[in-house]
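Asks: Structure supplied as coords-v4.cif; contents: mmCIF, N, CA and C atoms.
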data_work
loop_
_atom_site.label_atom_id
_atom_site.label_comp_id
_atom_site.auth_asym_id
_atom_site.auth_seq_id
_atom_site.Cartn_x
_atom_site.Cartn_y
_atom_site.Cartn_z
N MET A 1 -196.69 16.97 167.73
CA MET A 1 -195.83 15.86 168.04
C MET A 1 -196.10 15.44 169.49
N ILE A 2 -196.11 14.15 169.70
CA ILE A 2 -196.34 13.57 171.01
C ILE A 2 -195.09 12.78 171.39
N ARG A 3 -194.65 12.94 172.63
CA ARG A 3 -193.47 12.21 173.12
C ARG A 3 -193.91 11.26 174.22
N ILE A 4 -193.55 9.96 174.06
CA ILE A 4 -193.89 8.96 175.07
C ILE A 4 -192.65 8.13 175.39
N PRO A 5 -192.59 7.55 176.59
CA PRO A 5 -191.46 6.66 176.91
C PRO A 5 -191.47 5.43 176.01
N ALA A 6 -190.30 4.99 175.60
CA ALA A 6 -190.18 3.86 174.69
C ALA A 6 -189.99 2.57 175.48
N THR A 7 -191.08 1.82 175.63
CA THR A 7 -191.00 0.49 176.22
C THR A 7 -191.30 -0.52 175.11
N LYS A 8 -191.09 -1.77 175.39
CA LYS A 8 -191.34 -2.79 174.38
C LYS A 8 -192.81 -2.78 173.95
N MET A 9 -193.73 -2.62 174.91
CA MET A 9 -195.15 -2.60 174.62
C MET A 9 -195.54 -1.38 173.79
N THR A 10 -195.07 -0.18 174.19
CA THR A 10 -195.43 1.02 173.44
C THR A 10 -194.85 1.00 172.03
N LYS A 11 -193.64 0.46 171.88
CA LYS A 11 -193.05 0.35 170.53
C LYS A 11 -193.91 -0.53 169.63
N ASN A 12 -194.38 -1.67 170.17
CA ASN A 12 -195.20 -2.57 169.37
C ASN A 12 -196.55 -1.95 169.02
N ILE A 13 -197.18 -1.27 169.96
CA ILE A 13 -198.47 -0.63 169.69
C ILE A 13 -198.31 0.48 168.66
N VAL A 14 -197.26 1.27 168.79
CA VAL A 14 -197.01 2.36 167.83
C VAL A 14 -196.73 1.80 166.44
N GLN A 15 -196.00 0.68 166.34
CA GLN A 15 -195.74 0.08 165.03
C GLN A 15 -197.03 -0.42 164.38
N ILE A 16 -197.94 -0.96 165.19
CA ILE A 16 -199.24 -1.39 164.65
C ILE A 16 -200.01 -0.18 164.14
N LEU A 17 -200.08 0.90 164.93
CA LEU A 17 -200.80 2.10 164.51
C LEU A 17 -200.18 2.73 163.27
N LEU A 18 -198.87 2.68 163.14
CA LEU A 18 -198.18 3.21 161.97
C LEU A 18 -198.51 2.35 160.74
N ALA A 19 -198.49 1.03 160.89
CA ALA A 19 -198.79 0.13 159.78
C ALA A 19 -200.25 0.25 159.34
N GLU A 20 -201.16 0.53 160.27
CA GLU A 20 -202.58 0.65 159.94
C GLU A 20 -202.93 2.03 159.38
N GLY A 21 -201.98 2.95 159.37
CA GLY A 21 -202.21 4.26 158.77
C GLY A 21 -202.78 5.31 159.70
N PHE A 22 -202.72 5.10 161.00
CA PHE A 22 -203.23 6.09 161.95
C PHE A 22 -202.19 7.16 162.29
N LEU A 23 -200.91 6.86 162.07
CA LEU A 23 -199.83 7.78 162.41
C LEU A 23 -199.05 8.19 161.17
N LYS A 24 -198.48 9.40 161.21
CA LYS A 24 -197.69 9.88 160.08
C LYS A 24 -196.25 9.37 160.15
N SER A 25 -195.61 9.52 161.32
CA SER A 25 -194.24 9.05 161.46
C SER A 25 -193.91 8.83 162.93
N VAL A 26 -192.87 8.04 163.14
CA VAL A 26 -192.39 7.74 164.50
C VAL A 26 -190.87 7.77 164.47
N THR A 27 -190.28 8.48 165.42
CA THR A 27 -188.83 8.48 165.55
C THR A 27 -188.48 8.15 167.00
N GLU A 28 -187.37 7.46 167.17
CA GLU A 28 -186.93 7.07 168.50
C GLU A 28 -185.65 7.83 168.83
N HIS A 29 -185.56 8.33 170.04
CA HIS A 29 -184.33 9.00 170.46
C HIS A 29 -184.07 8.76 171.94
N ARG A 30 -182.84 9.06 172.34
CA ARG A 30 -182.40 8.84 173.72
C ARG A 30 -182.11 10.21 174.34
N GLU A 31 -182.60 10.38 175.56
CA GLU A 31 -182.41 11.64 176.27
C GLU A 31 -182.19 11.33 177.75
N ASN A 32 -181.09 11.76 178.30
CA ASN A 32 -180.75 11.50 179.71
C ASN A 32 -180.84 10.01 180.04
N LYS A 33 -180.26 9.17 179.20
CA LYS A 33 -180.21 7.72 179.38
C LYS A 33 -181.59 7.05 179.36
N LYS A 34 -182.59 7.72 178.79
CA LYS A 34 -183.93 7.15 178.65
C LYS A 34 -184.34 7.23 177.19
N ASP A 35 -185.04 6.19 176.72
CA ASP A 35 -185.51 6.15 175.33
C ASP A 35 -186.92 6.72 175.25
N PHE A 36 -187.16 7.50 174.18
CA PHE A 36 -188.46 8.10 173.94
C PHE A 36 -188.86 7.89 172.49
N LEU A 37 -190.16 7.90 172.24
CA LEU A 37 -190.71 7.86 170.90
C LEU A 37 -191.39 9.19 170.63
N ASP A 38 -191.03 9.82 169.50
CA ASP A 38 -191.71 11.03 169.05
C ASP A 38 -192.69 10.63 167.96
N ILE A 39 -193.96 10.88 168.20
CA ILE A 39 -195.01 10.44 167.29
C ILE A 39 -195.65 11.64 166.63
N ARG A 40 -195.77 11.58 165.32
CA ARG A 40 -196.50 12.61 164.57
C ARG A 40 -197.82 12.00 164.11
N LEU A 41 -198.91 12.66 164.48
CA LEU A 41 -200.24 12.17 164.13
C LEU A 41 -200.55 12.49 162.67
N LYS A 42 -201.45 11.72 162.10
CA LYS A 42 -201.87 11.91 160.72
C LYS A 42 -203.20 12.66 160.74
N TYR A 43 -203.34 13.67 159.88
CA TYR A 43 -204.55 14.48 159.80
C TYR A 43 -205.11 14.44 158.39
N PHE A 44 -206.41 14.75 158.24
CA PHE A 44 -207.03 14.80 156.92
C PHE A 44 -208.02 15.95 156.87
N GLY A 45 -208.35 16.38 155.64
CA GLY A 45 -209.35 17.41 155.43
C GLY A 45 -208.84 18.82 155.68
N ARG A 46 -209.70 19.78 155.37
CA ARG A 46 -209.34 21.18 155.56
C ARG A 46 -209.26 21.57 157.03
N LYS A 47 -210.09 20.97 157.84
CA LYS A 47 -210.11 21.31 159.25
C LYS A 47 -209.04 20.56 160.05
N LYS A 48 -208.24 19.78 159.34
CA LYS A 48 -207.15 19.01 159.95
C LYS A 48 -207.68 18.12 161.07
N GLU A 49 -208.63 17.28 160.73
CA GLU A 49 -209.19 16.32 161.67
C GLU A 49 -208.21 15.16 161.84
N PRO A 50 -207.94 14.71 163.06
CA PRO A 50 -207.01 13.60 163.25
C PRO A 50 -207.63 12.27 162.82
N TYR A 51 -206.80 11.36 162.34
CA TYR A 51 -207.27 10.02 161.97
C TYR A 51 -207.72 9.26 163.22
N ILE A 52 -207.03 9.45 164.33
CA ILE A 52 -207.42 8.80 165.58
C ILE A 52 -208.38 9.72 166.30
N THR A 53 -209.63 9.27 166.45
CA THR A 53 -210.59 10.07 167.20
C THR A 53 -210.70 9.61 168.64
N GLU A 54 -210.44 8.32 168.89
CA GLU A 54 -210.51 7.82 170.25
C GLU A 54 -209.72 6.53 170.39
N ILE A 55 -209.07 6.38 171.53
CA ILE A 55 -208.42 5.13 171.92
C ILE A 55 -209.04 4.75 173.26
N LYS A 56 -209.68 3.60 173.29
CA LYS A 56 -210.37 3.17 174.50
C LYS A 56 -209.69 1.93 175.06
N SER A 57 -209.25 2.02 176.31
CA SER A 57 -208.64 0.89 176.98
C SER A 57 -209.73 -0.11 177.36
N ILE A 58 -209.53 -1.39 177.05
CA ILE A 58 -210.54 -2.40 177.32
C ILE A 58 -210.15 -3.22 178.54
N SER A 59 -209.04 -3.93 178.49
CA SER A 59 -208.59 -4.73 179.64
C SER A 59 -207.93 -3.84 180.67
N LYS A 60 -208.25 -4.12 181.91
CA LYS A 60 -207.67 -3.40 183.02
C LYS A 60 -207.10 -4.43 183.99
N PRO A 61 -206.23 -4.03 184.91
CA PRO A 61 -205.65 -5.01 185.83
C PRO A 61 -206.70 -5.79 186.63
N GLY A 62 -207.81 -5.15 186.98
CA GLY A 62 -208.84 -5.83 187.75
C GLY A 62 -209.82 -6.63 186.92
N LEU A 63 -209.87 -6.37 185.61
CA LEU A 63 -210.83 -7.06 184.74
C LEU A 63 -210.21 -7.26 183.36
N LYS A 64 -209.76 -8.47 183.09
CA LYS A 64 -209.17 -8.80 181.79
C LYS A 64 -210.29 -9.23 180.84
N VAL A 65 -210.23 -8.76 179.60
CA VAL A 65 -211.22 -9.10 178.59
C VAL A 65 -210.51 -9.89 177.50
N TYR A 66 -211.04 -11.06 177.18
CA TYR A 66 -210.41 -11.94 176.20
C TYR A 66 -211.29 -12.13 174.98
N TYR A 67 -210.64 -12.40 173.84
CA TYR A 67 -211.29 -12.67 172.57
C TYR A 67 -210.92 -14.09 172.18
N ASP A 68 -211.91 -14.90 171.82
CA ASP A 68 -211.66 -16.32 171.55
C ASP A 68 -211.24 -16.62 170.12
N GLY A 69 -211.21 -15.63 169.25
CA GLY A 69 -210.79 -15.87 167.88
C GLY A 69 -211.94 -15.99 166.90
N LYS A 70 -213.18 -16.00 167.38
CA LYS A 70 -214.32 -16.20 166.49
C LYS A 70 -215.38 -15.11 166.60
N ASN A 71 -215.73 -14.72 167.81
CA ASN A 71 -216.92 -13.91 168.02
C ASN A 71 -216.67 -12.43 168.27
N LYS A 72 -215.56 -11.88 167.83
CA LYS A 72 -215.28 -10.47 168.07
C LYS A 72 -215.96 -9.62 167.01
N PRO A 73 -216.83 -8.68 167.42
CA PRO A 73 -217.45 -7.79 166.44
C PRO A 73 -216.42 -6.82 165.87
N LYS A 74 -216.63 -6.34 164.67
CA LYS A 74 -215.72 -5.39 164.04
C LYS A 74 -215.92 -4.02 164.66
N ILE A 75 -214.84 -3.29 164.82
CA ILE A 75 -214.88 -1.95 165.41
C ILE A 75 -215.32 -0.97 164.34
N LEU A 76 -216.43 -0.28 164.57
CA LEU A 76 -217.02 0.68 163.63
C LEU A 76 -217.16 0.08 162.23
N GLY A 77 -217.61 -1.15 162.17
CA GLY A 77 -217.82 -1.81 160.88
C GLY A 77 -216.54 -2.03 160.10
N GLY A 78 -215.41 -2.15 160.79
CA GLY A 78 -214.13 -2.38 160.12
C GLY A 78 -213.29 -1.13 159.95
N MET A 79 -213.82 0.03 160.34
CA MET A 79 -213.07 1.28 160.21
C MET A 79 -212.05 1.45 161.33
N GLY A 80 -212.30 0.85 162.49
CA GLY A 80 -211.37 0.92 163.61
C GLY A 80 -210.70 -0.42 163.80
N ILE A 81 -209.79 -0.47 164.76
CA ILE A 81 -209.09 -1.72 165.05
C ILE A 81 -209.10 -1.98 166.55
N ALA A 82 -208.94 -3.23 166.91
CA ALA A 82 -208.69 -3.64 168.28
C ALA A 82 -207.28 -4.21 168.31
N ILE A 83 -206.53 -3.89 169.34
CA ILE A 83 -205.18 -4.42 169.50
C ILE A 83 -205.23 -5.49 170.57
N LEU A 84 -204.76 -6.69 170.20
CA LEU A 84 -204.81 -7.84 171.10
C LEU A 84 -203.41 -8.31 171.45
N SER A 85 -203.26 -8.79 172.67
CA SER A 85 -202.04 -9.45 173.10
C SER A 85 -202.27 -10.95 172.97
N THR A 86 -201.55 -11.60 172.06
CA THR A 86 -201.74 -13.01 171.79
C THR A 86 -200.45 -13.78 172.05
N SER A 87 -200.51 -15.08 171.85
CA SER A 87 -199.31 -15.90 171.99
C SER A 87 -198.31 -15.61 170.87
N CYS A 88 -198.76 -14.98 169.79
CA CYS A 88 -197.90 -14.61 168.66
C CYS A 88 -197.45 -13.15 168.74
N GLY A 89 -197.66 -12.50 169.87
CA GLY A 89 -197.31 -11.09 170.02
C GLY A 89 -198.55 -10.22 169.88
N LEU A 90 -198.33 -8.91 169.73
CA LEU A 90 -199.45 -8.00 169.55
C LEU A 90 -199.96 -8.06 168.11
N LEU A 91 -201.27 -8.19 167.97
CA LEU A 91 -201.91 -8.28 166.66
C LEU A 91 -203.15 -7.41 166.64
N THR A 92 -203.58 -7.04 165.44
CA THR A 92 -204.88 -6.38 165.30
C THR A 92 -205.97 -7.45 165.29
N ASP A 93 -207.22 -7.01 165.45
CA ASP A 93 -208.32 -7.97 165.44
C ASP A 93 -208.44 -8.68 164.10
N ARG A 94 -208.12 -7.99 163.01
CA ARG A 94 -208.18 -8.62 161.68
C ARG A 94 -207.15 -9.73 161.55
N GLU A 95 -205.93 -9.46 161.99
CA GLU A 95 -204.87 -10.47 161.92
C GLU A 95 -205.20 -11.67 162.80
N ALA A 96 -205.74 -11.41 163.99
CA ALA A 96 -206.10 -12.51 164.89
C ALA A 96 -207.24 -13.34 164.29
N ARG A 97 -208.18 -12.68 163.64
CA ARG A 97 -209.29 -13.39 163.00
C ARG A 97 -208.77 -14.26 161.86
N GLN A 98 -207.83 -13.75 161.07
CA GLN A 98 -207.25 -14.51 159.96
C GLN A 98 -206.47 -15.72 160.46
N GLN A 99 -205.72 -15.54 161.54
CA GLN A 99 -204.91 -16.63 162.09
C GLN A 99 -205.70 -17.53 163.01
N LYS A 100 -206.95 -17.16 163.29
CA LYS A 100 -207.86 -17.93 164.15
C LYS A 100 -207.28 -18.17 165.54
N ILE A 101 -206.74 -17.09 166.10
CA ILE A 101 -206.23 -17.17 167.47
C ILE A 101 -206.89 -16.08 168.30
N GLY A 102 -206.94 -16.29 169.58
CA GLY A 102 -207.53 -15.32 170.50
C GLY A 102 -206.47 -14.70 171.37
N GLY A 103 -206.92 -13.81 172.24
CA GLY A 103 -206.00 -13.17 173.16
C GLY A 103 -206.70 -12.11 173.97
N GLU A 104 -205.92 -11.39 174.74
CA GLU A 104 -206.45 -10.33 175.60
C GLU A 104 -206.61 -9.05 174.79
N ILE A 105 -207.76 -8.43 174.85
CA ILE A 105 -208.01 -7.17 174.13
C ILE A 105 -207.43 -6.02 174.95
N LEU A 106 -206.44 -5.33 174.41
CA LEU A 106 -205.81 -4.22 175.12
C LEU A 106 -206.58 -2.93 174.92
N CYS A 107 -206.90 -2.60 173.65
CA CYS A 107 -207.59 -1.34 173.39
C CYS A 107 -208.27 -1.38 172.03
N ASN A 108 -209.23 -0.46 171.85
CA ASN A 108 -209.88 -0.22 170.57
C ASN A 108 -209.46 1.15 170.08
N VAL A 109 -209.19 1.26 168.78
CA VAL A 109 -208.76 2.52 168.19
C VAL A 109 -209.69 2.84 167.03
N TRP A 110 -210.22 4.07 167.01
CA TRP A 110 -211.00 4.53 165.88
C TRP A 110 -210.88 6.01 165.73
#
How does this structure look as structure tokens?

Replies:
Amino acid sequence: MIRIPATKMTKNIVQILLAEGFLKSVTEHRENKKDFLDIRLKYFGRKKEPYITEIKSISKPGLKVYYDGKNKPKILGGMGIAILSTSCGLLTDREARQQKIGGEILCNVW
């Protein structure tokens, strides 16, 4: 189990990862007047390999990376996802491609 502070951004990212099947469950609780998210990772196989092998941050405060809605390559041939901050909120690269909108690439997950 992983515990992280519950901010609006982390809640949205965790909901995307949960919907995409990378996480097993998420619970929110309050402790000492602060909100936290308890995340349970999803594992597969006999060796209990995690579904998430890497999360790579793309945009940084000094260098923002944007996606125009057309030319974004698929992450690991479609096996991974990119999380984008768009005018419609946080979306995966597939959703942004379907809606034909661009945005700032926050991270890649595979």

Asks: Could you list, as a short mmCIF file (atom, residue, chain, number, x, y, z; two decimals) with N, CA and C atoms, keeping the file's coordinate frame, every residue matched by the PyMOL selection byres ((chain A and resi 86) around 7) in this structure?

Replies:
data_model
loop_
_atom_site.label_atom_id
_atom_site.label_comp_id
_atom_site.auth_asym_id
_atom_site.auth_seq_id
_atom_site.Cartn_x
_atom_site.Cartn_y
_atom_site.Cartn_z
N LEU A 84 -204.76 -6.69 170.20
CA LEU A 84 -204.81 -7.84 171.10
C LEU A 84 -203.41 -8.31 171.45
N SER A 85 -203.26 -8.79 172.67
CA SER A 85 -202.04 -9.45 173.10
C SER A 85 -202.27 -10.95 172.97
N SER A 87 -200.51 -15.08 171.85
CA SER A 87 -199.31 -15.90 171.99
C SER A 87 -198.31 -15.61 170.87
N CYS A 88 -198.76 -14.98 169.79
CA CYS A 88 -197.90 -14.61 168.66
C CYS A 88 -197.45 -13.15 168.74
N GLY A 89 -197.66 -12.50 169.87
CA GLY A 89 -197.31 -11.09 170.02
C GLY A 89 -198.55 -10.22 169.88
N LEU A 90 -198.33 -8.91 169.73
CA LEU A 90 -199.45 -8.00 169.55
C LEU A 90 -199.96 -8.06 168.11
N LEU A 91 -201.27 -8.19 167.97
CA LEU A 91 -201.91 -8.28 166.66
C LEU A 91 -203.15 -7.41 166.64
N ILE A 101 -206.74 -17.09 166.10
CA ILE A 101 -206.23 -17.17 167.47
C ILE A 101 -206.89 -16.08 168.30
N GLY A 102 -206.94 -16.29 169.58
CA GLY A 102 -207.53 -15.32 170.50
C GLY A 102 -206.47 -14.70 171.37
N GLY A 103 -206.92 -13.81 172.24
CA GLY A 103 -206.00 -13.17 173.16
C GLY A 103 -206.70 -12.11 173.97
N GLU A 104 -205.92 -11.39 174.74
CA GLU A 104 -206.45 -10.33 175.60
C GLU A 104 -206.61 -9.05 174.79
#

Asks: Find the spatial neighbours of stretch 55-68 of chain A, counting only C-alpha atoms, within a cut-off of 12 Å - ignore same-chain residues fewer than 6 positions away - and output them as number ranges by chain.

Replies: A: 13, 17, 22, 75, 80-86, 91-93, 96-97, 99-110

Asks: Could you state the separation of atom CA of A:Glu54 and atom CA of A:Lys34 in Å, given to one decimal place?

Replies: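 Value for the atom CA of A:Glu54-atom CA of A:Lys34 distance: 27.9 Å.
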
Asks: Using Å and a single decimal, report how far atom CA of A:Gly77 sits from atom CA of A:Ala19.

Replies: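 Between atom CA of A:Ala19 and atom CA of A:Gly77 the gap works out to 19.2 Å.
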
Asks: Quote the spacing between atom C of A:Glu28 and atom C of A:Lys48 in Å to one decimal place.

Replies: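 Between atom C of A:Glu28 and atom C of A:Lys48 the gap is 25.5 Å.
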
Asks: For a quick check of understanding, using only N, CA and C atoms, which of A:Thr53, A:Leu37, A:Gln98, A:Lys42 has the smallest distance to A:Thr7?

Replies: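 Going through A:Thr53, A:Leu37, A:Gln98, A:Lys42 one by one, the smallest distance to A:Thr7 is for A:Leu37.
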
Asks: Ranking A:Asn71, A:Thr10, A:Ser25, A:Gln15 by minimum distance to A:Leu41 and counting only N, CA and C atoms, which one comes first?

Replies: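 Of all the options, A:Ser25 lies closest to A:Leu41.
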
Asks: Write out as a PDB file with N, CA and C atoms, in the frame of the given file all residues of stretch 22-56 of chain A that DSSP puts in strand (DSSP E or B) for this structure's backbone.

Replies:
ATOM      1  N   LEU A  23    -200.910   6.860 162.070  1.00  0.00           N
ATOM      2  CA  LEU A  23    -199.830   7.780 162.410  1.00  0.00           C
ATOM      3  C   LEU A  23    -199.050   8.190 161.170  1.00  0.00           C
ATOM      4  N   LYS A  24    -198.480   9.400 161.210  1.00  0.00           N
ATOM      5  CA  LYS A  24    -197.690   9.880 160.080  1.00  0.00           C
ATOM      6  C   LYS A  24    -196.250   9.370 160.150  1.00  0.00           C
ATOM      7  N   SER A  25    -195.610   9.520 161.320  1.00  0.00           N
ATOM      8  CA  SER A  25    -194.240   9.050 161.460  1.00  0.00           C
ATOM      9  C   SER A  25    -193.910   8.830 162.930  1.00  0.00           C
ATOM     10  N   VAL A  26    -192.870   8.040 163.140  1.00  0.00           N
ATOM     11  CA  VAL A  26    -192.390   7.740 164.500  1.00  0.00           C
ATOM     12  C   VAL A  26    -190.870   7.770 164.470  1.00  0.00           C
ATOM     13  N   THR A  27    -190.280   8.480 165.420  1.00  0.00           N
ATOM     14  CA  THR A  27    -188.830   8.480 165.550  1.00  0.00           C
ATOM     15  C   THR A  27    -188.480   8.150 167.000  1.00  0.00           C
ATOM     16  N   GLU A  28    -187.370   7.460 167.170  1.00  0.00           N
ATOM     17  CA  GLU A  28    -186.930   7.070 168.500  1.00  0.00           C
ATOM     18  C   GLU A  28    -185.650   7.830 168.830  1.00  0.00           C
ATOM     19  N   HIS A  29    -185.560   8.330 170.040  1.00  0.00           N
ATOM     20  CA  HIS A  29    -184.330   9.000 170.460  1.00  0.00           C
ATOM     21  C   HIS A  29    -184.070   8.760 171.940  1.00  0.00           C
ATOM     22  N   ARG A  30    -182.840   9.060 172.340  1.00  0.00           N
ATOM     23  CA  ARG A  30    -182.400   8.840 173.720  1.00  0.00           C
ATOM     24  C   ARG A  30    -182.110  10.210 174.340  1.00  0.00           C
ATOM     25  N   GLU A  31    -182.600  10.380 175.560  1.00  0.00           N
ATOM     26  CA  GLU A  31    -182.410  11.640 176.270  1.00  0.00           C
ATOM     27  C   GLU A  31    -182.190  11.330 177.750  1.00  0.00           C
ATOM     28  N   LYS A  34    -182.590   7.720 178.790  1.00  0.00           N
ATOM     29  CA  LYS A  34    -183.930   7.150 178.650  1.00  0.00           C
ATOM     30  C   LYS A  34    -184.340   7.230 177.190  1.00  0.00           C
ATOM     31  N   ASP A  35    -185.040   6.190 176.720  1.00  0.00           N
ATOM     32  CA  ASP A  35    -185.510   6.150 175.330  1.00  0.00           C
ATOM     33  C   ASP A  35    -186.920   6.720 175.250  1.00  0.00           C
ATOM     34  N   PHE A  36    -187.160   7.500 174.180  1.00  0.00           N
ATOM     35  CA  PHE A  36    -188.460   8.100 173.940  1.00  0.00           C
ATOM     36  C   PHE A  36    -188.860   7.890 172.490  1.00  0.00           C
ATOM     37  N   LEU A  37    -190.160   7.900 172.240  1.00  0.00           N
ATOM     38  CA  LEU A  37    -190.710   7.860 170.900  1.00  0.00           C
ATOM     39  C   LEU A  37    -191.390   9.190 170.630  1.00  0.00           C
ATOM     40  N   ASP A  38    -191.030   9.820 169.500  1.00  0.00           N
ATOM     41  CA  ASP A  38    -191.710  11.030 169.050  1.00  0.00           C
ATOM     42  C   ASP A  38    -192.690  10.630 167.960  1.00  0.00           C
ATOM     43  N   ILE A  39    -193.960  10.880 168.200  1.00  0.00           N
ATOM     44  CA  ILE A  39    -195.010  10.440 167.290  1.00  0.00           C
ATOM     45  C   ILE A  39    -195.650  11.640 166.630  1.00  0.00           C
ATOM     46  N   ARG A  40    -195.770  11.580 165.320  1.00  0.00           N
ATOM     47  CA  ARG A  40    -196.500  12.610 164.570  1.00  0.00           C
ATOM     48  C   ARG A  40    -197.820  12.000 164.110  1.00  0.00           C
ATOM     49  N   LEU A  41    -198.910  12.660 164.480  1.00  0.00           N
ATOM     50  CA  LEU A  41    -200.240  12.170 164.130  1.00  0.00           C
ATOM     51  C   LEU A  41    -200.550  12.490 162.670  1.00  0.00           C
ATOM     52  N   TYR A  43    -203.340  13.670 159.880  1.00  0.00           N
ATOM     53  CA  TYR A  43    -204.550  14.480 159.800  1.00  0.00           C
ATOM     54  C   TYR A  43    -205.110  14.440 158.390  1.00  0.00           C
ATOM     55  N   PHE A  44    -206.410  14.750 158.240  1.00  0.00           N
ATOM     56  CA  PHE A  44    -207.030  14.800 156.920  1.00  0.00           C
ATOM     57  C   PHE A  44    -208.020  15.950 156.870  1.00  0.00           C
ATOM     58  N   GLU A  49    -208.630  17.280 160.730  1.00  0.00           N
ATOM     59  CA  GLU A  49    -209.190  16.320 161.670  1.00  0.00           C
ATOM     60  C   GLU A  49    -208.210  15.160 161.840  1.00  0.00           C
ATOM     61  N   PRO A  50    -207.940  14.710 163.060  1.00  0.00           N
ATOM     62  CA  PRO A  50    -207.010  13.600 163.250  1.00  0.00           C
ATOM     63  C   PRO A  50    -207.630  12.270 162.820  1.00  0.00           C
ATOM     64  N   ILE A  55    -209.070   6.380 171.530  1.00  0.00           N
ATOM     65  CA  ILE A  55    -208.420   5.130 171.920  1.00  0.00           C
ATOM     66  C   ILE A  55    -209.040   4.750 173.260  1.00  0.00           C
ATOM     67  N   LYS A  56    -209.680   3.600 173.290  1.00  0.00           N
ATOM     68  CA  LYS A  56    -210.370   3.170 174.500  1.00  0.00           C
ATOM     69  C   LYS A  56    -209.690   1.930 175.060  1.00  0.00           C
TER      70      LYS A  56
END

Asks: I need the residue nearest A:Leu23 from this list: A:Ala6, A:Gly69, A:Asp38, A:Glu95. Use only C-alpha atoms for the distance.

Replies: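 Among the listed residues, A:Asp38 lies closest to A:Leu23.
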
Asks: Given only N, CA and C atoms as the basis, pick out the residue of A:Gly21, A:Leu76, A:Arg94, A:Asn12 nearest to A:Ile52.

Replies: A:Gly21

Asks: If DSSP is run on the backbone, what residues of stretch 36-96 of chain A are alpha helix (DSSP H)? A reply as a PyMOL selection string would be ideal.

Replies: chain A and resi 93-96

Asks: Would you kindly place N, CA, C and O atoms on stretch 54-66 of chain A and return the model as a short mmCIF file (atom, residue, chain, number, x, y, z; two decimals), in the coordinates of the input?

Replies:
data_model
loop_
_atom_site.label_atom_id
_atom_site.label_comp_id
_atom_site.auth_asym_id
_atom_site.auth_seq_id
_atom_site.Cartn_x
_atom_site.Cartn_y
_atom_site.Cartn_z
N GLU A 54 -210.44 8.32 168.89
CA GLU A 54 -210.51 7.82 170.25
C GLU A 54 -209.72 6.53 170.39
O GLU A 54 -209.71 5.70 169.49
N ILE A 55 -209.07 6.38 171.53
CA ILE A 55 -208.42 5.13 171.92
C ILE A 55 -209.04 4.75 173.26
O ILE A 55 -208.95 5.51 174.22
N LYS A 56 -209.68 3.60 173.29
CA LYS A 56 -210.37 3.17 174.50
C LYS A 56 -209.69 1.93 175.06
O LYS A 56 -209.60 0.92 174.38
N SER A 57 -209.25 2.02 176.31
CA SER A 57 -208.64 0.89 176.98
C SER A 57 -209.73 -0.11 177.36
O SER A 57 -210.75 0.27 177.93
N ILE A 58 -209.53 -1.39 177.05
CA ILE A 58 -210.54 -2.40 177.32
C ILE A 58 -210.15 -3.22 178.54
O ILE A 58 -210.86 -3.24 179.53
N SER A 59 -209.04 -3.93 178.49
CA SER A 59 -208.59 -4.73 179.64
C SER A 59 -207.93 -3.84 180.67
O SER A 59 -207.17 -2.94 180.34
N LYS A 60 -208.25 -4.12 181.91
CA LYS A 60 -207.67 -3.40 183.02
C LYS A 60 -207.10 -4.43 183.99
O LYS A 60 -207.46 -5.60 183.93
N PRO A 61 -206.23 -4.03 184.91
CA PRO A 61 -205.65 -5.01 185.83
C PRO A 61 -206.70 -5.79 186.63
O PRO A 61 -206.53 -6.96 186.91
N GLY A 62 -207.81 -5.15 186.98
CA GLY A 62 -208.84 -5.83 187.75
C GLY A 62 -209.82 -6.63 186.92
O GLY A 62 -210.56 -7.46 187.45
N LEU A 63 -209.87 -6.37 185.61
CA LEU A 63 -210.83 -7.06 184.74
C LEU A 63 -210.21 -7.26 183.36
O LEU A 63 -210.11 -6.33 182.56
N LYS A 64 -209.76 -8.47 183.09
CA LYS A 64 -209.17 -8.80 181.79
C LYS A 64 -210.29 -9.23 180.84
O LYS A 64 -211.19 -9.96 181.22
N VAL A 65 -210.23 -8.76 179.60
CA VAL A 65 -211.22 -9.10 178.59
C VAL A 65 -210.51 -9.89 177.50
O VAL A 65 -209.50 -9.43 176.96
N TYR A 66 -211.04 -11.06 177.18
CA TYR A 66 -210.41 -11.94 176.20
C TYR A 66 -211.29 -12.13 174.98
O TYR A 66 -212.51 -12.05 175.05
#
